[in-house]
Amino acid sequence: MAKSSVGLEVGSSTVRLATVSRSRSGSVIEHLNSIGLNPGVVVDGEVVDAEALSGAIRHLVKVGKPGGKDVRLGVASQRMVARQVDLPWVPPKEFKQALPLLAADMLPMPVQDCVLDFLSYEDLVDDDGAHVIRGLLVAANEQSVLDTVDAVESAGLRVVSVTLTPLSTLGALADPLSPNPEALLDIGHTMTSISIHEGGQPRFVRILSRGGQDITAKLAEHLSIDEEDAERWKLSLPVTWPTMNAADQSATETAMRTALADLVSDIRTSIDFYATSEGRRPGRAYVVGGAGATLGLLPILASVLRIPVAVGTPHVTRHGKSMSADELAMAGSPASASAVGLALGAA
């Protein structure tokens with residue numbers, strides 16, 4: 001008998017809800033829905049208007065019909081940290097209690113204000129002969145997480161787990177058999193996360209304070225129009241591009257390269273940092289997120305990063321027969337990956 005689980009991604013401009021059923025024959029996306037948020041409800045991943053967020057989630061649940069109240073929540077903000085570290089070895093039974101003491105000097109914020117997790121993937125002996133555990137240390141501001149959980153539960157849901165969204169998305173897309181590291185670029189409305197895994201294990205996460213909104217602002221500046229017109233122009237490009245003459249296409253390419261320059265530069269800098277520190281470059285990259293479908297983004301990234309870049313979609317799922325045309329369209333877009341990854345429990 002198939003079991004279902006629900007993933008809820010809270011972003012700065014959109015909330016997405018995915019229901020995935022799992023059985024011996026594999027995973028199936030049963031429902032996939034989203035709702036937009038008004039500006040100022042969630043700012044850079046932080047809940048500002050909890051009542052408005054709860055109202056949006058209630059409406060989304062009514063439309064999405066998840067079939068249960070338990071959800072796996074995904075969050076990301078500038079006040080979250082994920083970095084590879086080596087911690088002194090501690091007996092497993094004592095590790096959870098010892099983690100705040102072990103991690104205190106490695107965080108840019110007071111450890112007493114954080115919720116912590118540690119994804120262990122390697123036992124080592126360091127240069128001094130000490131036994132250490134290497135893994136990914138994840139820290140988030142506790143009050144920020146609680147504010148989001150409270151808003152979700154005020155909408156009538158139960159949060160059974162909270163995950164840094166990039167890790168769930170990475171888990172849903174990563175190829176653990178890839179001979180080279182892989183990068184996941186999750187480009188949202190106001191933030192972009194860069195995650196890199198090796199052999200299925202996350203090794204690097206960085207969250208940038210740029211996203212689709214910054215692309216729109218740069219377009220507005222380049223084209224000398226207001227941002228609302230620039231956003232409409234950007235969204236219409238996939239349809240209008242084939243109808244443009246050569247001169248208009250050339251002008252459009254120039255505008256898009258200008259608008260994408262800062263974001264692409266920040267992504268390249270982050271990947272170069274990883275390659276320099278680890279001595280290995282990613283062999284390919286996947287792009288997800290609401291702004292991941294921006295026309296021209298993938299070829300520009302591929303040329304700058306010098307690796308293949310493709311749209312990322314969860315590779316272990318099929319589409320349910322009851323999905324609507326809108327749900328199927330969303331499932332085929334880069335915007336769906338995070339919510340589906342959360343439902344899969346892929347982190």
# chains A, B, ... in the order shown; residues from 1 in each chain; ligands from 1
>>> closest_atom_pairs(of="range 91-158 of chain A", to="range 29-43 of chain A", cutoff="12 Å", atoms="only C-alpha atoms", output="Markdown table")
| residue | atom | partner | partner_atom | distance |
| --- | --- | --- | --- | --- |
| A:Ser144 | CA | A:Val42 | CA | 11.0 |
| A:Asp147 | CA | A:Val42 | CA | 10.8 |
| A:Thr148 | CA | A:Val42 | CA | 9.4 |
| A:Ala151 | CA | A:Val42 | CA | 11.1 |
>>> residues_around(residues="Ala104 in chain A", least_positions_apart="5", cutoff="12 Å", atoms="only C-alpha atoms", output="PyMOL selection string")
chain A and resi 87+98-99+109-116+137+139
>>> residues_around(residues="Pro166 in chain A", least_positions_apart="3", cutoff="9 Å", atoms="only C-alpha atoms", output="VMD selection string")
chain A and resid 74 to 76 163 169 to 171 184 to 186 193 to 195 205 338 347
>>> write_last_selection(atoms="C-alpha atoms", output="mmCIF file, in the first residue's frame")
data_model
loop_
_atom_site.group_PDB
_atom_site.id
_atom_site.type_symbol
_atom_site.label_atom_id
_atom_site.label_comp_id
_atom_site.auth_asym_id
_atom_site.auth_seq_id
_atom_site.Cartn_x
_atom_site.Cartn_y
_atom_site.Cartn_z
ATOM 1 C CA GLY A 74 11.691 23.665 4.175
ATOM 2 C CA VAL A 75 13.157 27.067 5.060
ATOM 3 C CA ALA A 76 16.162 29.158 4.054
ATOM 4 C CA THR A 163 15.063 21.179 6.843
ATOM 5 C CA THR A 169 16.489 19.791 -3.043
ATOM 6 C CA LEU A 170 20.037 18.511 -3.390
ATOM 7 C CA GLY A 171 18.992 15.155 -2.016
ATOM 8 C CA LEU A 184 22.730 22.700 -7.344
ATOM 9 C CA LEU A 185 21.767 26.334 -7.942
ATOM 10 C CA ASP A 186 18.406 27.218 -6.377
ATOM 11 C CA SER A 193 21.509 28.951 -2.676
ATOM 12 C CA ILE A 194 24.518 27.066 -4.018
ATOM 13 C CA SER A 195 24.905 23.479 -2.820
ATOM 14 C CA VAL A 205 26.189 25.339 0.990
ATOM 15 C CA SER A 338 12.312 21.959 -3.573
ATOM 16 C CA ALA A 347 17.892 15.566 2.813
#
>>> closest_residue(among="A:Ile300, A:Val264, A:Ala183, A:Met256", to="Val287 in chain A", atoms="only C-alpha atoms")
A:Ala183
>>> select_by_dssp(residues="range 69-287 of chain A", states="alpha helix (DSSP H)", output="ChimeraX atom specification")
/A:92-103,142-154,165-173,212-223,227-240,246-278
>>> write_last_selection(atoms="C-alpha atoms", output="mmCIF file, in the first residue's frame")
data_model
loop_
_atom_site.group_PDB
_atom_site.id
_atom_site.type_symbol
_atom_site.label_atom_id
_atom_site.label_comp_id
_atom_site.auth_asym_id
_atom_site.auth_seq_id
_atom_site.Cartn_x
_atom_site.Cartn_y
_atom_site.Cartn_z
ATOM 1 C CA PRO A 92 27.453 8.812 19.588
ATOM 2 C CA LYS A 93 25.249 8.725 22.700
ATOM 3 C CA GLU A 94 26.811 11.982 23.912
ATOM 4 C CA PHE A 95 27.152 13.782 20.592
ATOM 5 C CA LYS A 96 23.794 15.588 20.461
ATOM 6 C CA GLN A 97 24.283 17.076 23.915
ATOM 7 C CA ALA A 98 27.890 18.029 23.165
ATOM 8 C CA LEU A 99 27.218 19.615 19.766
ATOM 9 C CA PRO A 100 26.544 23.183 21.027
ATOM 10 C CA LEU A 101 29.868 23.195 22.888
ATOM 11 C CA LEU A 102 31.756 21.713 19.942
ATOM 12 C CA ALA A 103 30.264 24.155 17.410
ATOM 13 C CA GLU A 142 15.916 29.474 16.563
ATOM 14 C CA GLN A 143 13.354 32.281 16.754
ATOM 15 C CA SER A 144 13.238 32.568 12.982
ATOM 16 C CA VAL A 145 12.526 28.852 12.654
ATOM 17 C CA LEU A 146 9.888 28.947 15.402
ATOM 18 C CA ASP A 147 8.138 31.917 13.752
ATOM 19 C CA THR A 148 7.800 29.942 10.519
ATOM 20 C CA VAL A 149 6.657 26.775 12.304
ATOM 21 C CA ASP A 150 4.050 28.756 14.286
ATOM 22 C CA ALA A 151 2.656 30.329 11.108
ATOM 23 C CA VAL A 152 2.405 26.928 9.411
ATOM 24 C CA GLU A 153 0.743 25.279 12.400
ATOM 25 C CA SER A 154 -1.674 28.205 12.765
ATOM 26 C CA THR A 165 15.602 23.745 1.777
ATOM 27 C CA PRO A 166 18.787 23.492 -0.349
ATOM 28 C CA LEU A 167 19.670 20.195 1.351
ATOM 29 C CA SER A 168 16.298 18.615 0.546
ATOM 30 C CA THR A 169 16.489 19.791 -3.043
ATOM 31 C CA LEU A 170 20.037 18.511 -3.390
ATOM 32 C CA GLY A 171 18.992 15.155 -2.016
ATOM 33 C CA ALA A 172 16.197 14.860 -4.582
ATOM 34 C CA LEU A 173 18.433 15.672 -7.564
ATOM 35 C CA GLY A 212 14.981 36.908 -9.497
ATOM 36 C CA GLN A 213 14.019 40.277 -8.040
ATOM 37 C CA ASP A 214 17.558 41.539 -8.624
ATOM 38 C CA ILE A 215 17.445 40.337 -12.241
ATOM 39 C CA THR A 216 14.225 42.311 -12.721
ATOM 40 C CA ALA A 217 15.706 45.438 -11.105
ATOM 41 C CA LYS A 218 18.743 45.289 -13.389
ATOM 42 C CA LEU A 219 16.493 44.840 -16.436
ATOM 43 C CA ALA A 220 14.416 47.861 -15.429
ATOM 44 C CA GLU A 221 17.567 49.947 -15.090
ATOM 45 C CA HIS A 222 18.997 48.773 -18.433
ATOM 46 C CA LEU A 223 15.719 49.242 -20.339
ATOM 47 C CA GLU A 227 10.156 47.081 -12.387
ATOM 48 C CA GLU A 228 6.576 45.896 -12.958
ATOM 49 C CA ASP A 229 7.012 46.326 -16.713
ATOM 50 C CA ALA A 230 10.438 44.708 -16.543
ATOM 51 C CA GLU A 231 8.994 41.669 -14.725
ATOM 52 C CA ARG A 232 6.233 41.276 -17.313
ATOM 53 C CA TRP A 233 8.801 41.612 -20.123
ATOM 54 C CA LYS A 234 11.065 39.018 -18.499
ATOM 55 C CA LEU A 235 8.247 36.502 -18.019
ATOM 56 C CA SER A 236 6.995 36.935 -21.590
ATOM 57 C CA LEU A 237 10.381 36.331 -23.231
ATOM 58 C CA PRO A 238 10.023 32.557 -23.801
ATOM 59 C CA VAL A 239 6.904 33.288 -25.865
ATOM 60 C CA THR A 240 8.044 36.450 -27.670
ATOM 61 C CA ALA A 246 17.646 39.353 -35.391
ATOM 62 C CA ALA A 247 18.203 42.907 -34.167
ATOM 63 C CA ASP A 248 15.640 42.566 -31.353
ATOM 64 C CA GLN A 249 17.078 39.210 -30.319
ATOM 65 C CA SER A 250 20.562 40.720 -30.144
ATOM 66 C CA ALA A 251 19.301 43.614 -28.010
ATOM 67 C CA THR A 252 17.451 41.164 -25.755
ATOM 68 C CA GLU A 253 20.595 39.061 -25.292
ATOM 69 C CA THR A 254 22.530 42.175 -24.280
ATOM 70 C CA ALA A 255 19.837 43.181 -21.787
ATOM 71 C CA MET A 256 19.696 39.716 -20.228
ATOM 72 C CA ARG A 257 23.490 39.381 -19.954
ATOM 73 C CA THR A 258 23.603 42.749 -18.204
ATOM 74 C CA ALA A 259 20.780 41.793 -15.834
ATOM 75 C CA LEU A 260 22.318 38.411 -14.986
ATOM 76 C CA ALA A 261 25.925 39.572 -14.642
ATOM 77 C CA ASP A 262 26.039 40.148 -10.862
ATOM 78 C CA LEU A 263 24.208 36.934 -9.953
ATOM 79 C CA VAL A 264 26.295 34.816 -12.326
ATOM 80 C CA SER A 265 29.484 36.411 -10.989
ATOM 81 C CA ASP A 266 28.519 35.579 -7.393
ATOM 82 C CA ILE A 267 27.720 31.980 -8.356
ATOM 83 C CA ARG A 268 31.055 31.614 -10.140
ATOM 84 C CA THR A 269 32.938 33.057 -7.160
ATOM 85 C CA SER A 270 31.289 30.570 -4.805
ATOM 86 C CA ILE A 271 32.045 27.574 -7.019
ATOM 87 C CA ASP A 272 35.620 28.782 -7.561
ATOM 88 C CA PHE A 273 36.022 29.008 -3.768
ATOM 89 C CA TYR A 274 34.880 25.409 -3.392
ATOM 90 C CA ALA A 275 37.144 24.223 -6.203
ATOM 91 C CA THR A 276 40.155 25.994 -4.707
ATOM 92 C CA SER A 277 39.567 24.778 -1.149
ATOM 93 C CA GLU A 278 38.721 21.173 -2.084
#
